[in-house]
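**Q** What follows is model_32.cif; its format and atoms are mmCIF, N, CA and C atoms.
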data_protein
loop_
_atom_site.label_atom_id
_atom_site.label_comp_id
_atom_site.auth_asym_id
_atom_site.auth_seq_id
_atom_site.Cartn_x
_atom_site.Cartn_y
_atom_site.Cartn_z
N MET Z 598 73.73 100.01 88.19
CA MET Z 598 74.84 100.04 89.13
C MET Z 598 74.60 101.10 90.21
N TYR Z 599 74.08 102.23 89.84
CA TYR Z 599 73.89 103.30 90.81
C TYR Z 599 72.99 102.85 91.96
N THR Z 600 71.96 102.06 91.66
CA THR Z 600 71.07 101.52 92.71
C THR Z 600 71.86 100.63 93.65
N TYR Z 601 72.73 99.79 93.07
CA TYR Z 601 73.56 98.91 93.90
C TYR Z 601 74.42 99.72 94.86
N VAL Z 602 75.04 100.77 94.36
CA VAL Z 602 75.91 101.60 95.19
C VAL Z 602 75.10 102.22 96.33
N HIS Z 603 73.95 102.76 96.03
CA HIS Z 603 73.13 103.39 97.07
C HIS Z 603 72.60 102.37 98.07
N ASN Z 604 72.25 101.18 97.61
CA ASN Z 604 71.81 100.13 98.53
C ASN Z 604 72.93 99.74 99.48
N ARG Z 605 74.13 99.61 98.95
CA ARG Z 605 75.29 99.25 99.77
C ARG Z 605 75.58 100.35 100.80
N ILE Z 606 75.54 101.59 100.35
CA ILE Z 606 75.79 102.71 101.25
C ILE Z 606 74.73 102.77 102.33
N ASN Z 607 73.47 102.62 101.95
CA ASN Z 607 72.38 102.63 102.94
C ASN Z 607 72.54 101.52 103.96
N PHE Z 608 72.92 100.33 103.51
CA PHE Z 608 73.13 99.21 104.43
C PHE Z 608 74.25 99.52 105.42
N MET Z 609 75.37 100.00 104.91
CA MET Z 609 76.50 100.29 105.79
C MET Z 609 76.17 101.41 106.77
N GLN Z 610 75.43 102.41 106.31
CA GLN Z 610 75.03 103.51 107.20
C GLN Z 610 74.10 103.01 108.30
N SER Z 611 73.30 101.99 108.01
CA SER Z 611 72.38 101.46 109.02
C SER Z 611 73.12 100.78 110.17
N LEU Z 612 74.37 100.44 109.96
CA LEU Z 612 75.17 99.79 111.00
C LEU Z 612 75.89 100.78 111.91
N LEU Z 613 75.80 102.07 111.56
CA LEU Z 613 76.50 103.10 112.32
C LEU Z 613 75.57 103.76 113.33
N LYS Z 614 76.16 104.19 114.45
CA LYS Z 614 75.43 104.98 115.44
C LYS Z 614 75.84 106.45 115.25
N SER Z 615 74.92 107.35 115.50
CA SER Z 615 75.23 108.77 115.31
C SER Z 615 76.36 109.23 116.24
N SER Z 616 76.58 108.50 117.32
CA SER Z 616 77.64 108.86 118.27
C SER Z 616 79.00 108.27 117.89
N ASP Z 617 79.05 107.45 116.86
CA ASP Z 617 80.30 106.81 116.45
C ASP Z 617 81.33 107.82 115.96
N THR Z 618 82.59 107.50 116.25
CA THR Z 618 83.73 108.17 115.63
C THR Z 618 84.28 107.17 114.62
N ALA Z 619 84.38 107.58 113.37
CA ALA Z 619 84.74 106.64 112.31
C ALA Z 619 85.89 107.14 111.46
N ILE Z 620 86.59 106.18 110.87
CA ILE Z 620 87.56 106.45 109.82
C ILE Z 620 87.04 105.74 108.58
N GLU Z 621 86.82 106.50 107.53
CA GLU Z 621 86.43 105.89 106.26
C GLU Z 621 87.65 105.86 105.35
N ILE Z 622 88.03 104.66 104.96
CA ILE Z 622 89.19 104.48 104.11
C ILE Z 622 88.73 104.46 102.65
N GLY Z 623 89.35 105.30 101.86
CA GLY Z 623 89.06 105.33 100.43
C GLY Z 623 87.68 105.82 100.06
N PRO Z 624 87.26 106.98 100.58
CA PRO Z 624 85.91 107.44 100.24
C PRO Z 624 85.77 107.81 98.77
N GLY Z 625 86.88 108.14 98.13
CA GLY Z 625 86.83 108.50 96.72
C GLY Z 625 85.77 109.54 96.45
N PHE Z 626 85.00 109.34 95.40
CA PHE Z 626 83.95 110.29 95.06
C PHE Z 626 82.57 109.71 95.34
N VAL Z 627 82.53 108.60 96.13
CA VAL Z 627 81.26 108.03 96.58
C VAL Z 627 81.44 107.59 98.04
N PRO Z 628 81.53 108.55 98.96
CA PRO Z 628 81.75 108.19 100.36
C PRO Z 628 80.53 107.49 100.98
N ILE Z 629 80.80 106.66 101.97
CA ILE Z 629 79.73 105.97 102.70
C ILE Z 629 79.17 106.90 103.77
N CYS Z 630 80.06 107.54 104.49
CA CYS Z 630 79.65 108.44 105.58
C CYS Z 630 79.67 109.88 105.09
N ARG Z 631 78.74 110.63 105.59
CA ARG Z 631 78.71 112.07 105.35
C ARG Z 631 78.72 112.76 106.71
N ARG Z 632 79.41 113.85 106.80
CA ARG Z 632 79.46 114.57 108.08
C ARG Z 632 78.08 115.08 108.49
N GLU Z 633 77.17 115.19 107.55
CA GLU Z 633 75.80 115.58 107.91
C GLU Z 633 75.14 114.49 108.75
N ASN Z 634 75.56 113.22 108.55
CA ASN Z 634 74.96 112.08 109.25
C ASN Z 634 75.82 111.58 110.41
N LEU Z 635 77.10 111.71 110.28
CA LEU Z 635 78.03 111.21 111.28
C LEU Z 635 79.08 112.30 111.48
N LYS Z 636 78.96 113.06 112.55
CA LYS Z 636 79.78 114.26 112.76
C LYS Z 636 81.26 113.96 112.88
N LYS Z 637 81.59 112.82 113.51
CA LYS Z 637 83.00 112.52 113.76
C LYS Z 637 83.47 111.42 112.81
N VAL Z 638 83.67 111.82 111.55
CA VAL Z 638 84.22 110.90 110.57
C VAL Z 638 85.47 111.54 109.98
N TYR Z 639 86.51 110.74 109.89
CA TYR Z 639 87.77 111.17 109.29
C TYR Z 639 87.95 110.39 108.00
N TYR Z 640 88.26 111.11 106.94
CA TYR Z 640 88.43 110.48 105.63
C TYR Z 640 89.92 110.26 105.36
N LEU Z 641 90.26 109.02 104.99
CA LEU Z 641 91.64 108.64 104.71
C LEU Z 641 91.70 108.08 103.30
N ASP Z 642 92.66 108.54 102.53
CA ASP Z 642 92.81 108.06 101.15
C ASP Z 642 94.27 108.21 100.73
N VAL Z 643 94.64 107.51 99.68
CA VAL Z 643 95.98 107.69 99.12
C VAL Z 643 96.04 108.94 98.25
N TYR Z 644 94.87 109.44 97.86
CA TYR Z 644 94.78 110.62 97.02
C TYR Z 644 94.20 111.79 97.79
N SER Z 645 94.60 113.00 97.40
CA SER Z 645 93.98 114.22 97.93
C SER Z 645 92.62 114.39 97.24
N GLU Z 646 91.79 115.29 97.79
CA GLU Z 646 90.49 115.52 97.14
C GLU Z 646 90.66 116.07 95.72
N LYS Z 647 91.71 116.86 95.48
CA LYS Z 647 91.98 117.38 94.14
C LYS Z 647 92.26 116.22 93.17
N ASP Z 648 93.09 115.28 93.61
CA ASP Z 648 93.41 114.13 92.78
C ASP Z 648 92.19 113.23 92.56
N ILE Z 649 91.37 113.07 93.58
CA ILE Z 649 90.16 112.26 93.45
C ILE Z 649 89.22 112.87 92.42
N LYS Z 650 89.04 114.18 92.49
CA LYS Z 650 88.17 114.86 91.53
C LYS Z 650 88.71 114.70 90.11
N SER Z 651 90.00 114.87 89.95
CA SER Z 651 90.62 114.74 88.63
C SER Z 651 90.43 113.33 88.07
N ARG Z 652 90.64 112.33 88.90
CA ARG Z 652 90.46 110.93 88.46
C ARG Z 652 89.01 110.64 88.12
N ALA Z 653 88.09 111.15 88.92
CA ALA Z 653 86.66 110.91 88.67
C ALA Z 653 86.25 111.49 87.32
N LEU Z 654 86.76 112.67 87.01
CA LEU Z 654 86.40 113.34 85.75
C LEU Z 654 87.10 112.70 84.56
N GLN Z 655 88.41 112.50 84.67
CA GLN Z 655 89.19 112.06 83.52
C GLN Z 655 89.17 110.55 83.31
N THR Z 656 89.29 109.79 84.38
CA THR Z 656 89.40 108.35 84.25
C THR Z 656 88.03 107.67 84.21
N PHE Z 657 87.11 108.15 85.03
CA PHE Z 657 85.83 107.46 85.17
C PHE Z 657 84.68 108.18 84.46
N GLY Z 658 84.91 109.38 83.95
CA GLY Z 658 83.92 110.07 83.16
C GLY Z 658 82.72 110.63 83.91
N TYR Z 659 82.88 110.89 85.18
CA TYR Z 659 81.79 111.49 85.96
C TYR Z 659 81.61 112.95 85.56
N LYS Z 660 80.42 113.48 85.77
CA LYS Z 660 80.14 114.88 85.49
C LYS Z 660 80.70 115.77 86.60
N LYS Z 661 81.19 116.95 86.24
CA LYS Z 661 81.83 117.85 87.20
C LYS Z 661 80.91 118.19 88.37
N LYS Z 662 79.66 118.50 88.11
CA LYS Z 662 78.73 118.86 89.19
C LYS Z 662 78.59 117.72 90.19
N GLN Z 663 78.47 116.50 89.70
CA GLN Z 663 78.34 115.34 90.57
C GLN Z 663 79.61 115.15 91.41
N VAL Z 664 80.76 115.28 90.77
CA VAL Z 664 82.04 115.11 91.47
C VAL Z 664 82.20 116.19 92.54
N ASP Z 665 81.87 117.43 92.19
CA ASP Z 665 81.98 118.53 93.16
C ASP Z 665 81.06 118.31 94.35
N ASN Z 666 79.88 117.77 94.12
CA ASN Z 666 78.91 117.53 95.20
C ASN Z 666 79.27 116.33 96.05
N ASP Z 667 79.85 115.29 95.44
CA ASP Z 667 80.05 114.02 96.14
C ASP Z 667 81.42 113.84 96.78
N THR Z 668 82.43 114.54 96.31
CA THR Z 668 83.78 114.36 96.83
C THR Z 668 83.92 115.07 98.18
N VAL Z 669 84.52 114.37 99.14
CA VAL Z 669 84.72 114.94 100.48
C VAL Z 669 86.17 115.39 100.63
N ASP Z 670 86.41 116.28 101.58
CA ASP Z 670 87.77 116.71 101.90
C ASP Z 670 88.49 115.58 102.62
N ILE Z 671 89.65 115.23 102.14
CA ILE Z 671 90.43 114.15 102.74
C ILE Z 671 91.21 114.70 103.93
N ASP Z 672 91.01 114.07 105.09
CA ASP Z 672 91.69 114.50 106.32
C ASP Z 672 93.09 113.90 106.43
N ILE Z 673 93.20 112.64 106.05
CA ILE Z 673 94.44 111.89 106.28
C ILE Z 673 94.89 111.27 104.96
N ILE Z 674 96.10 111.58 104.55
CA ILE Z 674 96.68 110.96 103.36
C ILE Z 674 97.44 109.71 103.81
N PHE Z 675 97.11 108.58 103.20
CA PHE Z 675 97.72 107.31 103.57
C PHE Z 675 99.19 107.30 103.15
N LYS Z 676 100.06 106.97 104.11
CA LYS Z 676 101.49 106.81 103.88
C LYS Z 676 101.98 105.58 104.64
N ASP Z 677 102.53 104.62 103.94
CA ASP Z 677 103.19 103.44 104.51
C ASP Z 677 102.24 102.44 105.17
N SER Z 678 101.50 102.87 106.19
CA SER Z 678 100.58 101.96 106.88
C SER Z 678 99.44 102.77 107.50
N LEU Z 679 98.38 102.06 107.85
CA LEU Z 679 97.24 102.72 108.46
C LEU Z 679 97.64 103.37 109.78
N LEU Z 680 98.36 102.64 110.62
CA LEU Z 680 98.76 103.15 111.92
C LEU Z 680 99.67 104.39 111.79
N LYS Z 681 100.64 104.33 110.90
CA LYS Z 681 101.54 105.49 110.71
C LYS Z 681 100.76 106.70 110.20
N SER Z 682 99.81 106.46 109.30
CA SER Z 682 99.02 107.56 108.75
C SER Z 682 98.19 108.23 109.84
N ILE Z 683 97.57 107.44 110.70
CA ILE Z 683 96.76 107.97 111.80
C ILE Z 683 97.67 108.69 112.80
N ASN Z 684 98.80 108.08 113.14
CA ASN Z 684 99.76 108.70 114.07
C ASN Z 684 100.24 110.05 113.56
N ASN Z 685 100.51 110.15 112.27
CA ASN Z 685 100.98 111.41 111.70
C ASN Z 685 99.90 112.48 111.72
N TYR Z 686 98.63 112.06 111.68
CA TYR Z 686 97.52 113.02 111.67
C TYR Z 686 97.17 113.48 113.08
N ASN Z 687 96.94 112.53 113.99
CA ASN Z 687 96.52 112.88 115.35
C ASN Z 687 96.60 111.66 116.24
N THR Z 688 97.56 111.63 117.13
CA THR Z 688 97.72 110.46 118.00
C THR Z 688 96.56 110.30 118.98
N ASP Z 689 95.77 111.35 119.20
CA ASP Z 689 94.61 111.23 120.08
C ASP Z 689 93.55 110.30 119.52
N LEU Z 690 93.62 109.98 118.24
CA LEU Z 690 92.64 109.07 117.65
C LEU Z 690 92.88 107.61 118.04
N LEU Z 691 94.12 107.30 118.45
CA LEU Z 691 94.43 105.91 118.80
C LEU Z 691 93.56 105.45 119.95
N LYS Z 692 92.95 104.29 119.75
CA LYS Z 692 92.03 103.67 120.72
C LYS Z 692 90.78 104.51 120.97
N ASN Z 693 90.47 105.44 120.07
CA ASN Z 693 89.28 106.28 120.20
C ASN Z 693 88.35 106.18 119.00
N ILE Z 694 88.57 105.21 118.15
CA ILE Z 694 87.76 105.04 116.95
C ILE Z 694 86.77 103.89 117.18
N ASP Z 695 85.49 104.16 116.88
CA ASP Z 695 84.45 103.14 117.04
C ASP Z 695 84.37 102.21 115.83
N VAL Z 696 84.59 102.76 114.66
CA VAL Z 696 84.42 101.96 113.45
C VAL Z 696 85.39 102.42 112.36
N ILE Z 697 85.96 101.44 111.67
CA ILE Z 697 86.78 101.67 110.48
C ILE Z 697 86.03 101.02 109.33
N LEU Z 698 85.75 101.80 108.30
CA LEU Z 698 85.04 101.23 107.17
C LEU Z 698 85.67 101.69 105.88
N GLY Z 699 85.45 100.90 104.87
CA GLY Z 699 86.00 101.23 103.57
C GLY Z 699 85.21 100.53 102.49
N SER Z 700 85.43 100.97 101.29
CA SER Z 700 84.73 100.40 100.15
C SER Z 700 85.73 100.25 99.02
N HIS Z 701 85.83 99.05 98.51
CA HIS Z 701 86.76 98.78 97.41
C HIS Z 701 88.19 99.13 97.79
N THR Z 702 88.59 98.74 98.99
CA THR Z 702 89.95 99.04 99.44
C THR Z 702 90.75 97.78 99.75
N ILE Z 703 90.10 96.72 100.14
CA ILE Z 703 90.82 95.52 100.62
C ILE Z 703 91.72 94.95 99.52
N GLU Z 704 91.29 95.06 98.26
CA GLU Z 704 92.08 94.50 97.16
C GLU Z 704 93.36 95.30 96.91
N HIS Z 705 93.46 96.47 97.51
CA HIS Z 705 94.67 97.30 97.37
C HIS Z 705 95.58 97.18 98.60
N THR Z 706 95.25 96.30 99.52
CA THR Z 706 95.99 96.16 100.76
C THR Z 706 97.01 95.02 100.63
N PRO Z 707 98.30 95.35 100.53
CA PRO Z 707 99.30 94.30 100.31
C PRO Z 707 99.57 93.45 101.56
N ASP Z 708 99.30 93.97 102.74
CA ASP Z 708 99.59 93.25 103.99
C ASP Z 708 98.33 93.25 104.86
N LEU Z 709 97.46 92.27 104.64
CA LEU Z 709 96.19 92.23 105.38
C LEU Z 709 96.40 92.02 106.87
N ILE Z 710 97.35 91.18 107.23
CA ILE Z 710 97.61 90.95 108.66
C ILE Z 710 98.06 92.25 109.32
N GLY Z 711 98.98 92.95 108.68
CA GLY Z 711 99.44 94.24 109.20
C GLY Z 711 98.31 95.24 109.29
N PHE Z 712 97.42 95.24 108.30
CA PHE Z 712 96.27 96.14 108.31
C PHE Z 712 95.39 95.86 109.53
N PHE Z 713 95.07 94.60 109.77
CA PHE Z 713 94.22 94.26 110.92
C PHE Z 713 94.92 94.52 112.25
N GLN Z 714 96.23 94.34 112.29
CA GLN Z 714 96.98 94.69 113.51
C GLN Z 714 96.91 96.19 113.76
N ASP Z 715 97.03 96.99 112.69
CA ASP Z 715 96.89 98.44 112.82
C ASP Z 715 95.50 98.81 113.31
N CYS Z 716 94.48 98.15 112.77
CA CYS Z 716 93.10 98.40 113.21
C CYS Z 716 92.96 98.16 114.69
N ASP Z 717 93.60 97.11 115.19
CA ASP Z 717 93.54 96.79 116.62
C ASP Z 717 94.15 97.91 117.46
N GLU Z 718 95.16 98.58 116.94
CA GLU Z 718 95.80 99.68 117.66
C GLU Z 718 94.97 100.97 117.62
N ILE Z 719 94.11 101.07 116.64
CA ILE Z 719 93.34 102.30 116.42
C ILE Z 719 91.95 102.23 117.06
N LEU Z 720 91.32 101.07 116.98
CA LEU Z 720 89.94 100.91 117.45
C LEU Z 720 89.83 100.86 118.96
N LYS Z 721 88.70 101.32 119.46
CA LYS Z 721 88.35 101.11 120.87
C LYS Z 721 88.22 99.60 121.10
N HIS Z 722 88.14 99.21 122.36
CA HIS Z 722 88.04 97.79 122.72
C HIS Z 722 86.88 97.10 121.99
N ASP Z 723 85.75 97.78 121.87
CA ASP Z 723 84.57 97.20 121.23
C ASP Z 723 84.36 97.75 119.82
N GLY Z 724 85.46 98.22 119.19
CA GLY Z 724 85.37 98.81 117.86
C GLY Z 724 85.03 97.80 116.79
N ARG Z 725 84.61 98.31 115.63
CA ARG Z 725 84.14 97.45 114.54
C ARG Z 725 84.86 97.81 113.24
N ILE Z 726 85.04 96.79 112.41
CA ILE Z 726 85.60 97.01 111.06
C ILE Z 726 84.52 96.65 110.05
#
Let me see the file written as structure tokens.
**A**
Amino acid sequence: MYTYVHNRINFMQSLLKSSDTAIEIGPGFVPICRRENLKKVYYLDVYSEKDIKSRALQTFGYKKKQVDNDTVDIDIIFKDSLLKSINNYNTDLLKNIDVILGSHTIEHTPDLIGFFQDCDEILKHDGRI
């Protein structure tokens, strides 16, 4: 499984430009983007980094060192909708995002149409999901 995860991450990273501004939804303890590779990435999750670490250790049985190394600081806590969450964090991000990406998040989205409408409000004209 670990090879699969790294292959998926490598593929998704190959689609990004170093100049992109991105929002990664649900980075959990295996983020796709790293600030070392993509300077302007904002992490959005329903959980804080403290909660993510706790879940990784207790629920999924990851080792503490791995969790400490892999978990990123969450910039934006998801509340109500993607657009509201971004607005509450920084309205300057609206129409200034090149790419929105996520992993294992779509199955948790109760309103897909609303999600894509929010993406349209957040992404630049030529933005990508």
**Q** Would you list the contacts of region 646-659 of chain Z as a PyMOL selection string, taking every protein, DNA or RNA residue within 7 Å and counting only C-alpha atoms, but skipping same-chain residues closer than 5 positions in sequence?
**A** chain Z and resi 625-626+664+668-671
**Q** Could you please determine the separation between CA of Asp617 (chain Z) and CA of Pro707 (chain Z) in Å, to one decimal place?
**A**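 Distance reported for this atom pair: 27.9 Å.
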**Q** Counting all atoms listed in the file, which residue out of Z:Thr688, Z:Ile697, Z:Asp642, Z:Gln663 sits closest to Lys676 (chain Z)?
**A**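 Nearest to Lys676 (chain Z): Z:Asp642.
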**Q** Report, in Å with one decimal, the straight-line distance from CA of Gly711 (chain Z) to CA of Ala619 (chain Z).
**A**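 Taking CA of Gly711 (chain Z) and CA of Ala619 (chain Z), their separation equals 19.5 Å.
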**Q** What's around region 632-640 of chain Z at 7 Å? Count all atoms listed in the file, leave out sequence neighbours fewer than 4 positions away in its own chain, and write the answer as a PyMOL selection string.
**A** chain Z and resi 614-624+670-674
**Q** The selected residues should be written to file as an mmCIF file, in the coordinates of the input (atoms: N, CA and C atoms).
**A**
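So out-v3.cif came out as:
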data_model
loop_
_atom_site.group_PDB
_atom_site.id
_atom_site.type_symbol
_atom_site.label_atom_id
_atom_site.label_comp_id
_atom_site.auth_asym_id
_atom_site.auth_seq_id
_atom_site.Cartn_x
_atom_site.Cartn_y
_atom_site.Cartn_z
ATOM 1 N N LYS Z 614 76.160 104.190 114.450
ATOM 2 C CA LYS Z 614 75.430 104.980 115.440
ATOM 3 C C LYS Z 614 75.840 106.450 115.250
ATOM 4 N N SER Z 615 74.920 107.350 115.500
ATOM 5 C CA SER Z 615 75.230 108.770 115.310
ATOM 6 C C SER Z 615 76.360 109.230 116.240
ATOM 7 N N SER Z 616 76.580 108.500 117.320
ATOM 8 C CA SER Z 616 77.640 108.860 118.270
ATOM 9 C C SER Z 616 79.000 108.270 117.890
ATOM 10 N N ASP Z 617 79.050 107.450 116.860
ATOM 11 C CA ASP Z 617 80.300 106.810 116.450
ATOM 12 C C ASP Z 617 81.330 107.820 115.960
ATOM 13 N N THR Z 618 82.590 107.500 116.250
ATOM 14 C CA THR Z 618 83.730 108.170 115.630
ATOM 15 C C THR Z 618 84.280 107.170 114.620
ATOM 16 N N ALA Z 619 84.380 107.580 113.370
ATOM 17 C CA ALA Z 619 84.740 106.640 112.310
ATOM 18 C C ALA Z 619 85.890 107.140 111.460
ATOM 19 N N ILE Z 620 86.590 106.180 110.870
ATOM 20 C CA ILE Z 620 87.560 106.450 109.820
ATOM 21 C C ILE Z 620 87.040 105.740 108.580
ATOM 22 N N GLU Z 621 86.820 106.500 107.530
ATOM 23 C CA GLU Z 621 86.430 105.890 106.260
ATOM 24 C C GLU Z 621 87.650 105.860 105.350
ATOM 25 N N ILE Z 622 88.030 104.660 104.960
ATOM 26 C CA ILE Z 622 89.190 104.480 104.110
ATOM 27 C C ILE Z 622 88.730 104.460 102.650
ATOM 28 N N GLY Z 623 89.350 105.300 101.860
ATOM 29 C CA GLY Z 623 89.060 105.330 100.430
ATOM 30 C C GLY Z 623 87.680 105.820 100.060
ATOM 31 N N PRO Z 624 87.260 106.980 100.580
ATOM 32 C CA PRO Z 624 85.910 107.440 100.240
ATOM 33 C C PRO Z 624 85.770 107.810 98.770
ATOM 34 N N ASP Z 670 86.410 116.280 101.580
ATOM 35 C CA ASP Z 670 87.770 116.710 101.900
ATOM 36 C C ASP Z 670 88.490 115.580 102.620
ATOM 37 N N ILE Z 671 89.650 115.230 102.140
ATOM 38 C CA ILE Z 671 90.430 114.150 102.740
ATOM 39 C C ILE Z 671 91.210 114.700 103.930
ATOM 40 N N ASP Z 672 91.010 114.070 105.090
ATOM 41 C CA ASP Z 672 91.690 114.500 106.320
ATOM 42 C C ASP Z 672 93.090 113.900 106.430
ATOM 43 N N ILE Z 673 93.200 112.640 106.050
ATOM 44 C CA ILE Z 673 94.440 111.890 106.280
ATOM 45 C C ILE Z 673 94.890 111.270 104.960
ATOM 46 N N ILE Z 674 96.100 111.580 104.550
ATOM 47 C CA ILE Z 674 96.680 110.960 103.360
ATOM 48 C C ILE Z 674 97.440 109.710 103.810
#
**Q** Which is closest to Leu720 (chain Z) among Z:Thr600, Z:Pro628, Z:Tyr686, Z:Asp695, if we use only C-alpha atoms?
**A**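 Using only C-alpha atoms, the shortest distance to Leu720 (chain Z) belongs to Z:Asp695.
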**Q** Distance CA of Cys716 (chain Z)-CA of Asn685 (chain Z), one decimal place?
**A**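 Result for CA of Cys716 (chain Z) versus CA of Asn685 (chain Z): 15.3 Å, one decimal.
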**Q** Please give the complete set of residues from region 600-653 of chain Z that DSSP, run on the backbone, assigns to alpha helix (DSSP H), formatted as a ChimeraX atom specification.
**A** /Z:600-611,646-653
**Q** Near Ile710 (chain Z), counting only C-alpha atoms, which residues have an atom at most 12 Å away, once you skip same-chain residues fewer than 6 positions from it, shown as a list in words?
**A**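 Close residues of Ile710 (chain Z): Ser678, Leu679, Ile703, Cys716 and Asp717 of chain Z.
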**Q** Dump N, CA and C atoms for the selected residues as a PDB file, in the coordinates of the input?
**A**
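Saved to selection11.pdb:
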ATOM      1  N   SER Z 678     101.500 102.870 106.190  1.00  0.00           N
ATOM      2  CA  SER Z 678     100.580 101.960 106.880  1.00  0.00           C
ATOM      3  C   SER Z 678      99.440 102.770 107.500  1.00  0.00           C
ATOM      4  N   LEU Z 679      98.380 102.060 107.850  1.00  0.00           N
ATOM      5  CA  LEU Z 679      97.240 102.720 108.460  1.00  0.00           C
ATOM      6  C   LEU Z 679      97.640 103.370 109.780  1.00  0.00           C
ATOM      7  N   ILE Z 703      90.100  96.720 100.140  1.00  0.00           N
ATOM      8  CA  ILE Z 703      90.820  95.520 100.620  1.00  0.00           C
ATOM      9  C   ILE Z 703      91.720  94.950  99.520  1.00  0.00           C
ATOM     10  N   CYS Z 716      94.480  98.150 112.770  1.00  0.00           N
ATOM     11  CA  CYS Z 716      93.100  98.400 113.210  1.00  0.00           C
ATOM     12  C   CYS Z 716      92.960  98.160 114.690  1.00  0.00           C
ATOM     13  N   ASP Z 717      93.600  97.110 115.190  1.00  0.00           N
ATOM     14  CA  ASP Z 717      93.540  96.790 116.620  1.00  0.00           C
ATOM     15  C   ASP Z 717      94.150  97.910 117.460  1.00  0.00           C
TER      16      ASP Z 717
END
**Q** Enumerate the residues of region 627-695 of chain Z with a DSSP assignment of strand (DSSP E or B), computed from the backbone, and present them as a list in words.
**A** Lys637, Val638, Tyr639, Tyr640, Leu641, Asp642, Ile673, Ile674, Lys676, Ser678, Ile694 and Asp695 of chain Z
